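Student: Input my_file-v3.txt, format and content: compact mmCIF, N, CA and C atoms.
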# COMPACT_ATOMS: atom_id res chain seq x y z
N TRP A 27 159.90 24.73 -119.32
CA TRP A 27 160.92 24.22 -118.43
C TRP A 27 160.83 22.72 -118.23
N SER A 28 159.61 22.19 -118.22
CA SER A 28 159.46 20.75 -117.99
C SER A 28 160.04 19.94 -119.15
N GLN A 29 159.86 20.41 -120.38
CA GLN A 29 160.44 19.70 -121.51
C GLN A 29 161.96 19.73 -121.47
N SER A 30 162.52 20.87 -121.03
CA SER A 30 163.97 20.98 -120.90
C SER A 30 164.50 19.98 -119.88
N LEU A 31 163.81 19.87 -118.76
CA LEU A 31 164.25 18.92 -117.72
C LEU A 31 164.07 17.48 -118.18
N HIS A 32 163.02 17.21 -118.92
CA HIS A 32 162.82 15.87 -119.46
C HIS A 32 163.97 15.51 -120.41
N PHE A 33 164.32 16.43 -121.29
CA PHE A 33 165.42 16.20 -122.22
C PHE A 33 166.73 16.00 -121.46
N PHE A 34 166.96 16.82 -120.42
CA PHE A 34 168.17 16.70 -119.61
C PHE A 34 168.24 15.33 -118.94
N ALA A 35 167.12 14.86 -118.41
CA ALA A 35 167.10 13.54 -117.76
C ALA A 35 167.43 12.44 -118.76
N ARG A 36 166.88 12.54 -119.96
CA ARG A 36 167.17 11.54 -120.99
C ARG A 36 168.65 11.58 -121.39
N LEU A 37 169.17 12.78 -121.56
CA LEU A 37 170.58 12.95 -121.90
C LEU A 37 171.47 12.38 -120.80
N SER A 38 171.14 12.67 -119.55
CA SER A 38 171.94 12.22 -118.40
C SER A 38 171.96 10.70 -118.29
N SER A 39 170.89 10.05 -118.73
CA SER A 39 170.86 8.59 -118.64
C SER A 39 171.76 7.95 -119.70
N GLU A 40 172.04 8.71 -120.76
CA GLU A 40 172.87 8.18 -121.85
C GLU A 40 174.35 8.50 -121.69
N ARG A 41 174.64 9.67 -121.12
CA ARG A 41 176.04 10.07 -120.94
C ARG A 41 176.13 11.16 -119.88
N SER A 42 177.34 11.45 -119.47
CA SER A 42 177.56 12.49 -118.46
C SER A 42 177.41 13.87 -119.12
N PRO A 43 176.47 14.67 -118.64
CA PRO A 43 176.25 15.98 -119.26
C PRO A 43 177.42 16.94 -119.00
N ASP A 44 177.69 17.78 -119.98
CA ASP A 44 178.76 18.77 -119.81
C ASP A 44 178.21 20.00 -119.10
N ALA A 45 179.08 20.98 -118.86
CA ALA A 45 178.71 22.18 -118.11
C ALA A 45 177.57 22.94 -118.79
N ALA A 46 177.59 23.01 -120.10
CA ALA A 46 176.54 23.75 -120.82
C ALA A 46 175.18 23.09 -120.62
N CYS A 47 175.13 21.78 -120.64
CA CYS A 47 173.87 21.06 -120.42
C CYS A 47 173.36 21.27 -119.00
N VAL A 48 174.27 21.20 -118.03
CA VAL A 48 173.86 21.41 -116.64
C VAL A 48 173.36 22.84 -116.46
N SER A 49 174.04 23.81 -117.06
CA SER A 49 173.60 25.20 -116.97
C SER A 49 172.20 25.35 -117.53
N GLY A 50 171.92 24.69 -118.64
CA GLY A 50 170.58 24.73 -119.22
C GLY A 50 169.54 24.14 -118.30
N ALA A 51 169.88 23.04 -117.65
CA ALA A 51 168.94 22.41 -116.71
C ALA A 51 168.72 23.30 -115.49
N VAL A 52 169.78 23.94 -115.01
CA VAL A 52 169.64 24.84 -113.86
C VAL A 52 168.77 26.03 -114.24
N THR A 53 168.95 26.55 -115.45
CA THR A 53 168.11 27.66 -115.91
C THR A 53 166.64 27.24 -115.98
N ALA A 54 166.38 26.03 -116.46
CA ALA A 54 165.01 25.52 -116.49
C ALA A 54 164.44 25.43 -115.08
N CYS A 55 165.26 24.96 -114.14
CA CYS A 55 164.82 24.89 -112.74
C CYS A 55 164.52 26.28 -112.18
N SER A 56 165.31 27.26 -112.58
CA SER A 56 165.11 28.60 -112.04
C SER A 56 163.75 29.15 -112.46
N ARG A 57 163.33 28.83 -113.66
CA ARG A 57 162.02 29.32 -114.13
C ARG A 57 160.87 28.71 -113.35
N ALA A 58 161.08 27.52 -112.81
CA ALA A 58 160.04 26.84 -112.06
C ALA A 58 160.27 26.90 -110.55
N ALA A 59 161.27 27.67 -110.13
CA ALA A 59 161.61 27.81 -108.70
C ALA A 59 161.98 26.47 -108.06
N LEU A 60 162.57 25.57 -108.84
CA LEU A 60 162.99 24.26 -108.34
C LEU A 60 164.43 24.34 -107.84
N TRP A 61 164.63 25.08 -106.78
CA TRP A 61 165.98 25.38 -106.30
C TRP A 61 166.69 24.12 -105.79
N GLU A 62 165.96 23.21 -105.16
CA GLU A 62 166.61 22.01 -104.64
C GLU A 62 167.11 21.11 -105.78
N LEU A 63 166.31 20.99 -106.83
CA LEU A 63 166.72 20.20 -107.98
C LEU A 63 167.92 20.86 -108.66
N ALA A 64 167.88 22.18 -108.80
CA ALA A 64 169.01 22.91 -109.39
C ALA A 64 170.27 22.70 -108.56
N THR A 65 170.13 22.73 -107.25
CA THR A 65 171.27 22.51 -106.36
C THR A 65 171.83 21.11 -106.55
N SER A 66 170.95 20.13 -106.71
CA SER A 66 171.43 18.76 -106.88
C SER A 66 172.20 18.61 -108.21
N PHE A 67 171.76 19.31 -109.25
CA PHE A 67 172.49 19.26 -110.52
C PHE A 67 173.90 19.82 -110.37
N VAL A 68 174.02 20.93 -109.63
CA VAL A 68 175.33 21.54 -109.42
C VAL A 68 176.21 20.62 -108.58
N GLU A 69 175.64 20.01 -107.56
CA GLU A 69 176.40 19.08 -106.72
C GLU A 69 176.87 17.86 -107.50
N GLU A 70 176.00 17.30 -108.34
CA GLU A 70 176.39 16.17 -109.18
C GLU A 70 177.53 16.56 -110.12
N MET A 71 177.46 17.75 -110.63
CA MET A 71 178.51 18.25 -111.51
C MET A 71 179.85 18.28 -110.77
N ARG A 72 179.83 18.79 -109.56
CA ARG A 72 181.07 18.83 -108.76
C ARG A 72 181.59 17.43 -108.46
N GLN A 73 180.69 16.49 -108.21
CA GLN A 73 181.11 15.12 -107.95
C GLN A 73 181.78 14.49 -109.16
N ARG A 74 181.42 14.97 -110.35
CA ARG A 74 182.06 14.49 -111.58
C ARG A 74 183.32 15.29 -111.91
N GLN A 75 183.79 16.08 -110.94
CA GLN A 75 185.00 16.89 -111.10
C GLN A 75 184.85 17.96 -112.19
N GLN A 76 183.62 18.41 -112.41
CA GLN A 76 183.36 19.51 -113.35
C GLN A 76 183.17 20.79 -112.54
N THR A 77 183.57 21.90 -113.11
CA THR A 77 183.43 23.18 -112.43
C THR A 77 182.25 23.95 -113.01
N PRO A 78 181.27 24.28 -112.18
CA PRO A 78 180.15 25.07 -112.68
C PRO A 78 180.63 26.46 -113.14
N ASP A 79 180.06 26.94 -114.24
CA ASP A 79 180.43 28.27 -114.71
C ASP A 79 179.50 29.31 -114.09
N LEU A 80 179.76 30.58 -114.38
CA LEU A 80 178.95 31.65 -113.79
C LEU A 80 177.49 31.56 -114.21
N HIS A 81 177.24 31.13 -115.43
CA HIS A 81 175.86 30.99 -115.88
C HIS A 81 175.11 30.01 -114.99
N CYS A 82 175.77 28.93 -114.64
CA CYS A 82 175.19 27.92 -113.77
C CYS A 82 174.97 28.48 -112.36
N HIS A 83 175.98 29.16 -111.83
CA HIS A 83 175.85 29.77 -110.49
C HIS A 83 174.70 30.78 -110.47
N ASN A 84 174.65 31.63 -111.49
CA ASN A 84 173.62 32.66 -111.52
C ASN A 84 172.22 32.06 -111.66
N GLY A 85 172.11 30.98 -112.43
CA GLY A 85 170.84 30.29 -112.55
C GLY A 85 170.39 29.70 -111.22
N LEU A 86 171.34 29.18 -110.46
CA LEU A 86 171.00 28.62 -109.15
C LEU A 86 170.54 29.72 -108.19
N ILE A 87 171.21 30.86 -108.21
CA ILE A 87 170.78 31.99 -107.37
C ILE A 87 169.37 32.42 -107.76
N THR A 88 169.10 32.48 -109.06
CA THR A 88 167.76 32.85 -109.53
C THR A 88 166.72 31.82 -109.10
N ALA A 89 167.05 30.54 -109.18
CA ALA A 89 166.12 29.50 -108.74
C ALA A 89 165.80 29.67 -107.25
N MET A 90 166.81 29.94 -106.46
CA MET A 90 166.60 30.16 -105.03
C MET A 90 165.73 31.39 -104.80
N GLY A 91 166.01 32.44 -105.55
CA GLY A 91 165.21 33.66 -105.41
C GLY A 91 163.76 33.44 -105.81
N ASN A 92 163.53 32.74 -106.91
CA ASN A 92 162.16 32.48 -107.36
C ASN A 92 161.40 31.61 -106.38
N ALA A 93 162.12 30.82 -105.60
CA ALA A 93 161.50 29.98 -104.57
C ALA A 93 161.41 30.70 -103.23
N LYS A 94 161.78 31.97 -103.22
CA LYS A 94 161.77 32.79 -101.99
C LYS A 94 162.73 32.25 -100.93
N ARG A 95 163.84 31.69 -101.39
CA ARG A 95 164.87 31.17 -100.50
C ARG A 95 166.03 32.16 -100.47
N TRP A 96 165.76 33.36 -99.98
CA TRP A 96 166.74 34.43 -100.04
C TRP A 96 167.99 34.12 -99.22
N GLN A 97 167.84 33.44 -98.10
CA GLN A 97 169.01 33.13 -97.28
C GLN A 97 169.97 32.19 -98.01
N GLU A 98 169.40 31.18 -98.67
CA GLU A 98 170.24 30.27 -99.44
C GLU A 98 170.91 31.00 -100.59
N ALA A 99 170.15 31.89 -101.26
CA ALA A 99 170.71 32.66 -102.38
C ALA A 99 171.85 33.55 -101.91
N LEU A 100 171.66 34.21 -100.79
CA LEU A 100 172.69 35.09 -100.26
C LEU A 100 173.93 34.30 -99.83
N ASN A 101 173.73 33.17 -99.18
CA ASN A 101 174.86 32.33 -98.77
C ASN A 101 175.61 31.78 -99.97
N TYR A 102 174.88 31.36 -100.98
CA TYR A 102 175.52 30.82 -102.19
C TYR A 102 176.32 31.93 -102.88
N PHE A 103 175.73 33.10 -103.00
CA PHE A 103 176.42 34.23 -103.60
C PHE A 103 177.72 34.53 -102.85
N ALA A 104 177.65 34.51 -101.52
CA ALA A 104 178.83 34.83 -100.70
C ALA A 104 179.95 33.82 -100.89
N GLN A 105 179.63 32.61 -101.32
CA GLN A 105 180.63 31.56 -101.50
C GLN A 105 181.16 31.44 -102.92
N LEU A 106 180.65 32.28 -103.84
CA LEU A 106 181.12 32.19 -105.22
C LEU A 106 182.60 32.52 -105.30
N PRO A 107 183.35 31.74 -106.06
CA PRO A 107 184.78 32.05 -106.23
C PRO A 107 184.99 33.33 -107.03
N ALA A 108 184.04 33.65 -107.90
CA ALA A 108 184.07 34.87 -108.70
C ALA A 108 182.62 35.22 -109.02
N ALA A 109 182.36 36.50 -109.18
CA ALA A 109 181.00 36.94 -109.50
C ALA A 109 181.06 37.95 -110.63
N ASP A 110 179.98 38.01 -111.40
CA ASP A 110 179.84 39.05 -112.41
C ASP A 110 178.63 39.90 -112.05
N VAL A 111 178.33 40.88 -112.87
CA VAL A 111 177.23 41.78 -112.56
C VAL A 111 175.90 41.02 -112.52
N ILE A 112 175.79 39.95 -113.30
CA ILE A 112 174.57 39.14 -113.28
C ILE A 112 174.43 38.42 -111.94
N SER A 113 175.53 38.00 -111.36
CA SER A 113 175.49 37.37 -110.03
C SER A 113 174.93 38.35 -109.00
N TYR A 114 175.42 39.58 -109.07
CA TYR A 114 174.92 40.62 -108.16
C TYR A 114 173.44 40.89 -108.41
N ASN A 115 173.07 41.06 -109.68
CA ASN A 115 171.68 41.36 -110.00
C ASN A 115 170.75 40.23 -109.58
N SER A 116 171.16 38.99 -109.79
CA SER A 116 170.34 37.84 -109.40
C SER A 116 170.15 37.80 -107.89
N THR A 117 171.20 38.14 -107.16
CA THR A 117 171.12 38.15 -105.70
C THR A 117 170.24 39.29 -105.21
N ILE A 118 170.40 40.46 -105.82
CA ILE A 118 169.54 41.60 -105.46
C ILE A 118 168.08 41.25 -105.71
N ASP A 119 167.79 40.63 -106.85
CA ASP A 119 166.41 40.22 -107.16
C ASP A 119 165.89 39.18 -106.16
N ALA A 120 166.73 38.22 -105.79
CA ALA A 120 166.31 37.20 -104.83
C ALA A 120 165.95 37.85 -103.49
N LEU A 121 166.73 38.81 -103.08
CA LEU A 121 166.45 39.50 -101.82
C LEU A 121 165.20 40.37 -101.94
N SER A 122 165.09 41.06 -103.05
CA SER A 122 163.94 41.92 -103.29
C SER A 122 162.63 41.14 -103.27
N ASP A 123 162.63 40.00 -103.95
CA ASP A 123 161.41 39.18 -104.03
C ASP A 123 160.98 38.64 -102.68
N SER A 124 161.90 38.61 -101.73
CA SER A 124 161.57 38.14 -100.38
C SER A 124 161.48 39.30 -99.39
N HIS A 125 161.33 40.51 -99.91
CA HIS A 125 161.15 41.72 -99.08
C HIS A 125 162.35 42.00 -98.16
N GLN A 126 163.52 41.71 -98.66
CA GLN A 126 164.76 41.97 -97.92
C GLN A 126 165.48 43.16 -98.56
N TRP A 127 164.78 44.31 -98.60
CA TRP A 127 165.31 45.45 -99.33
C TRP A 127 166.61 45.98 -98.75
N GLN A 128 166.77 45.93 -97.42
CA GLN A 128 168.01 46.43 -96.83
C GLN A 128 169.21 45.61 -97.30
N LYS A 129 169.04 44.30 -97.28
CA LYS A 129 170.12 43.42 -97.73
C LYS A 129 170.37 43.59 -99.24
N ALA A 130 169.29 43.78 -99.99
CA ALA A 130 169.43 44.01 -101.44
C ALA A 130 170.27 45.26 -101.69
N LEU A 131 170.01 46.31 -100.93
CA LEU A 131 170.78 47.54 -101.11
C LEU A 131 172.22 47.38 -100.64
N GLU A 132 172.46 46.54 -99.67
CA GLU A 132 173.84 46.26 -99.25
C GLU A 132 174.62 45.61 -100.40
N ILE A 133 174.00 44.65 -101.07
CA ILE A 133 174.66 43.99 -102.20
C ILE A 133 174.87 45.00 -103.33
N PHE A 134 173.88 45.85 -103.58
CA PHE A 134 174.02 46.89 -104.60
C PHE A 134 175.19 47.82 -104.25
N ASP A 135 175.31 48.19 -102.98
CA ASP A 135 176.42 49.07 -102.55
C ASP A 135 177.77 48.41 -102.78
N VAL A 136 177.86 47.12 -102.52
CA VAL A 136 179.12 46.40 -102.78
C VAL A 136 179.45 46.45 -104.26
N LEU A 137 178.45 46.28 -105.11
CA LEU A 137 178.66 46.36 -106.56
C LEU A 137 179.12 47.77 -106.95
N LYS A 138 178.49 48.78 -106.38
CA LYS A 138 178.89 50.16 -106.68
C LYS A 138 180.32 50.42 -106.22
N GLU A 139 180.70 49.90 -105.05
CA GLU A 139 182.08 50.08 -104.57
C GLU A 139 183.06 49.40 -105.51
N GLY A 140 182.68 48.26 -106.06
CA GLY A 140 183.53 47.57 -107.02
C GLY A 140 183.77 48.41 -108.26
N SER A 141 182.77 49.17 -108.66
CA SER A 141 182.94 50.02 -109.84
C SER A 141 183.94 51.12 -109.57
N GLN A 142 184.03 51.57 -108.33
CA GLN A 142 185.00 52.60 -107.97
C GLN A 142 186.41 52.04 -107.97
N LEU A 143 186.53 50.74 -107.78
CA LEU A 143 187.84 50.09 -107.78
C LEU A 143 188.24 49.62 -109.18
N GLY A 144 187.37 49.87 -110.15
CA GLY A 144 187.70 49.50 -111.51
C GLY A 144 187.33 48.08 -111.89
N SER A 145 186.61 47.39 -111.01
CA SER A 145 186.23 46.02 -111.37
C SER A 145 184.82 46.03 -111.96
N LEU A 146 183.86 45.48 -111.30
CA LEU A 146 182.49 45.41 -111.82
C LEU A 146 181.79 46.75 -111.68
N SER A 147 180.87 46.99 -112.57
CA SER A 147 180.05 48.20 -112.51
C SER A 147 178.58 47.82 -112.59
N PRO A 148 177.73 48.52 -111.83
CA PRO A 148 176.30 48.25 -111.95
C PRO A 148 175.81 48.65 -113.34
N ASN A 149 174.82 47.93 -113.84
CA ASN A 149 174.21 48.28 -115.11
C ASN A 149 172.77 48.71 -114.86
N ILE A 150 172.02 48.95 -115.90
CA ILE A 150 170.65 49.43 -115.76
C ILE A 150 169.80 48.42 -114.98
N ILE A 151 170.08 47.14 -115.18
CA ILE A 151 169.34 46.10 -114.45
C ILE A 151 169.65 46.19 -112.96
N SER A 152 170.89 46.48 -112.61
CA SER A 152 171.28 46.64 -111.20
C SER A 152 170.48 47.76 -110.56
N PHE A 153 170.42 48.90 -111.24
CA PHE A 153 169.69 50.04 -110.70
C PHE A 153 168.19 49.74 -110.60
N ASN A 154 167.63 49.13 -111.63
CA ASN A 154 166.21 48.77 -111.60
C ASN A 154 165.91 47.78 -110.48
N SER A 155 166.80 46.81 -110.28
CA SER A 155 166.60 45.82 -109.21
C SER A 155 166.65 46.48 -107.84
N ALA A 156 167.56 47.42 -107.66
CA ALA A 156 167.67 48.12 -106.38
C ALA A 156 166.42 48.98 -106.13
N ILE A 157 165.96 49.65 -107.16
CA ILE A 157 164.74 50.47 -107.03
C ILE A 157 163.55 49.57 -106.73
N HIS A 158 163.46 48.45 -107.43
CA HIS A 158 162.36 47.51 -107.19
C HIS A 158 162.38 46.99 -105.75
N ALA A 159 163.56 46.73 -105.22
CA ALA A 159 163.66 46.24 -103.84
C ALA A 159 163.02 47.23 -102.87
N CYS A 160 163.27 48.50 -103.09
CA CYS A 160 162.68 49.52 -102.22
C CYS A 160 161.19 49.66 -102.48
N TRP A 161 160.81 49.63 -103.74
CA TRP A 161 159.43 49.83 -104.15
C TRP A 161 158.51 48.77 -103.57
N VAL A 162 158.96 47.52 -103.55
CA VAL A 162 158.15 46.41 -103.07
C VAL A 162 157.72 46.63 -101.62
N ASP A 163 158.61 47.16 -100.81
CA ASP A 163 158.33 47.31 -99.39
C ASP A 163 157.81 48.69 -99.01
N MET A 164 157.50 49.49 -99.99
CA MET A 164 157.00 50.84 -99.70
C MET A 164 155.55 51.00 -100.13
N LYS A 165 154.75 49.97 -99.99
CA LYS A 165 153.37 50.01 -100.46
C LYS A 165 152.61 51.22 -99.93
N GLU A 166 152.75 51.48 -98.64
CA GLU A 166 152.02 52.58 -98.04
C GLU A 166 152.63 53.93 -98.42
N ASP A 167 153.92 53.96 -98.67
CA ASP A 167 154.62 55.22 -98.90
C ASP A 167 154.89 55.49 -100.37
N ARG A 168 154.29 54.74 -101.27
CA ARG A 168 154.59 54.93 -102.69
C ARG A 168 154.21 56.31 -103.19
N SER A 169 153.06 56.81 -102.76
CA SER A 169 152.65 58.13 -103.24
C SER A 169 153.64 59.18 -102.78
N GLU A 170 154.16 59.02 -101.58
CA GLU A 170 155.17 59.96 -101.10
C GLU A 170 156.45 59.83 -101.91
N LEU A 171 156.85 58.60 -102.24
CA LEU A 171 158.05 58.39 -103.04
C LEU A 171 157.88 59.02 -104.43
N VAL A 172 156.71 58.80 -105.04
CA VAL A 172 156.46 59.37 -106.36
C VAL A 172 156.51 60.89 -106.32
N SER A 173 155.92 61.47 -105.31
CA SER A 173 155.94 62.94 -105.21
C SER A 173 157.36 63.46 -105.00
N GLN A 174 158.19 62.70 -104.30
CA GLN A 174 159.57 63.12 -104.09
C GLN A 174 160.39 63.02 -105.36
N LEU A 175 160.01 62.09 -106.25
CA LEU A 175 160.73 61.93 -107.50
C LEU A 175 160.34 62.96 -108.54
N GLN A 176 159.20 63.61 -108.38
CA GLN A 176 158.75 64.58 -109.38
C GLN A 176 159.41 65.93 -109.23
Can you present the structure in this file as structure tokens?
Tutor:
Amino acid sequence: WSQSLHFFARLSSERSPDAACVSGAVTACSRAALWELATSFVEEMRQRQQTPDLHCHNGLITAMGNAKRWQEALNYFAQLPAADVISYNSTIDALSDSHQWQKALEIFDVLKEGSQLGSLSPNIISFNSAIHACWVDMKEDRSELVSQLQ
């Protein structure tokens, strides 16, 4: 991730980066949980009258989640002009990683309701993320959960 950000900084000093370059930098930030830097890249993009794409938005949500900034991730998700299943999954993961399993399941339920309306549908990652959200906070009750699943 550090080499990616170094390359992005060099590119930015020479010319205005396009959406794909910014998305790459945001993805690099997400791997290092550098949510504030990722946010600044998105803001600079907007100041240049560029529109961040979903890949960029999803990377920013992931960066916030990796930094345990679940409130920021949830607020950002709520303000997206459009979302895809990756947006939902990234938000569920951000909530799960911060032990916010109830909120993670609320987002999962919204995704499931969307599938009933013919729009987005949860995928295997959505289901795994929802299960993980519950699993993380059930440390004491895991044996009971396992026995119930058998």
Student: Can you list, as a count of residues only, every protein, DNA or RNA residue that comes within 9 Å of range 60-76 of chain A when you count only C-alpha atoms, leaving out same-chain residues fewer than 3 positions away?
Tutor: 25
Student: For the atom pair CA of Ile151 in chain A and CA of Ala99 in chain A, what is the interatomic distance in Å to one decimal place?
Tutor: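 Distance between the two atoms: 18.1 Å.
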Student: What is the atom C of Leu137 in chain A to atom C of Val162 in chain A distance in Å?
Tutor: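 Atom C of Val162 in chain A lies 22.1 Å from atom C of Leu137 in chain A.
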Student: Between CA of Asp135 in chain A and CA of Asp79 in chain A, what distance in Å does the model show, to one decimal?
Tutor: 24.4 Å
Student: Using only C-alpha atoms, find the one residue out of A:Gln105, A:Thr77, A:Ser152, A:Asn84 that sits nearest to Val136 in chain A.
Tutor: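 Checking each of A:Gln105, A:Thr77, A:Ser152, A:Asn84 against Val136 in chain A, counting only C-alpha atoms, the winner is A:Ser152.
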Student: Considering only N, CA and C atoms, return as a PyMOL selection string whatever protein or nucleic-acid residues lie within 6.5 Å of Asp123 in chain A, sequence-local ones (same chain, fewer than 2 positions apart) excluded.
Tutor: chain A and resi 91+94+118-121+125-126+159
Student: Quick one: residues within 6.5 Å of Pro148 in chain A, all atoms listed in the file counted, chain neighbours fewer than 5 positions away excluded, as a CSV table (one decimal) with N, CA and C atoms, in the coordinates of the input?
Tutor:
chain,number,residue,atom,x,y,z
A,137,LEU,N,178.4,46.3,-105.1
A,137,LEU,CA,178.7,46.4,-106.6
A,137,LEU,C,179.1,47.8,-107.0
A,138,LYS,N,178.5,48.8,-106.4
A,138,LYS,CA,178.9,50.2,-106.7
A,138,LYS,C,180.3,50.4,-106.2
A,141,SER,N,182.8,49.2,-108.7
A,141,SER,CA,182.9,50.0,-109.8
A,141,SER,C,183.9,51.1,-109.6
A,153,PHE,N,170.4,48.9,-111.2
A,153,PHE,CA,169.7,50.0,-110.7
A,153,PHE,C,168.2,49.7,-110.6
Student: Pick the closest to Tyr114 in chain A from A:Asn101, A:Phe134, A:His81, A:Trp127: which is it, counting all atoms listed in the file?
Tutor: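 The closest residue to Tyr114 in chain A is A:Phe134.
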Student: For Ser113 in chain A, which of A:Leu100, A:Glu139, A:Ala46, A:Leu131 is the closest residue, counting only C-alpha atoms?
Tutor: A:Leu100
Student: Could you pull range 134-141 of chain A out of the structure I just pasted and write it to a file containing all heavy atoms, as a tab-separated table (two decimals), in the first residue's frame?
Tutor:
chain	number	residue	atom	x	y	z
A	134	PHE	N	-27.94	-5.72	6.54
A	134	PHE	CA	-28.19	-6.96	5.80
A	134	PHE	C	-29.68	-7.11	5.48
A	134	PHE	O	-30.04	-7.48	4.36
A	134	PHE	CB	-27.69	-8.16	6.61
A	134	PHE	CG	-27.92	-9.48	5.92
A	134	PHE	CD1	-27.12	-9.86	4.87
A	134	PHE	CD2	-28.94	-10.32	6.33
A	134	PHE	CE1	-27.33	-11.08	4.23
A	134	PHE	CE2	-29.16	-11.53	5.70
A	134	PHE	CZ	-28.35	-11.91	4.64
A	135	ASP	N	-30.54	-6.78	6.45
A	135	ASP	CA	-32.00	-6.87	6.22
A	135	ASP	C	-32.45	-5.92	5.12
A	135	ASP	O	-33.32	-6.27	4.31
A	135	ASP	CB	-32.77	-6.60	7.51
A	135	ASP	CG	-32.70	-7.76	8.49
A	135	ASP	OD1	-32.36	-8.89	8.08
A	135	ASP	OD2	-32.97	-7.52	9.69
A	136	VAL	N	-31.87	-4.73	5.09
A	136	VAL	CA	-32.21	-3.77	4.02
A	136	VAL	C	-31.82	-4.35	2.66
A	136	VAL	O	-32.57	-4.26	1.69
A	136	VAL	CB	-31.52	-2.41	4.25
A	136	VAL	CG1	-31.69	-1.49	3.06
A	136	VAL	CG2	-32.07	-1.74	5.51
A	137	LEU	N	-30.65	-4.99	2.60
A	137	LEU	CA	-30.20	-5.62	1.36
A	137	LEU	C	-31.16	-6.75	0.96
A	137	LEU	O	-31.53	-6.87	-0.20
A	137	LEU	CB	-28.77	-6.15	1.53
A	137	LEU	CG	-28.15	-6.87	0.34
A	137	LEU	CD1	-28.14	-5.99	-0.91
A	137	LEU	CD2	-26.74	-7.33	0.69
A	138	LYS	N	-31.56	-7.55	1.93
A	138	LYS	CA	-32.51	-8.64	1.64
A	138	LYS	C	-33.84	-8.09	1.15
A	138	LYS	O	-34.44	-8.63	0.23
A	138	LYS	CB	-32.74	-9.51	2.88
A	138	LYS	CG	-31.67	-10.53	3.10
A	138	LYS	CD	-31.98	-11.55	4.19
A	138	LYS	CE	-33.19	-11.29	5.02
A	138	LYS	NZ	-33.39	-12.20	6.13
A	139	GLU	N	-34.32	-7.00	1.76
A	139	GLU	CA	-35.57	-6.39	1.31
A	139	GLU	C	-35.45	-5.89	-0.11
A	139	GLU	O	-36.39	-6.00	-0.89
A	139	GLU	CB	-35.96	-5.24	2.25
A	139	GLU	CG	-36.41	-5.69	3.62
A	139	GLU	CD	-36.55	-4.54	4.61
A	139	GLU	OE1	-36.46	-3.36	4.20
A	139	GLU	OE2	-36.71	-4.83	5.81
A	140	GLY	N	-34.29	-5.37	-0.46
A	140	GLY	CA	-34.04	-4.91	-1.83
A	140	GLY	C	-34.15	-6.04	-2.82
A	140	GLY	O	-34.63	-5.86	-3.94
A	141	SER	N	-33.72	-7.23	-2.41
A	141	SER	CA	-33.81	-8.37	-3.32
A	141	SER	C	-35.25	-8.76	-3.58
A	141	SER	O	-35.60	-9.22	-4.66
A	141	SER	CB	-33.02	-9.57	-2.77
A	141	SER	OG	-33.66	-10.12	-1.64
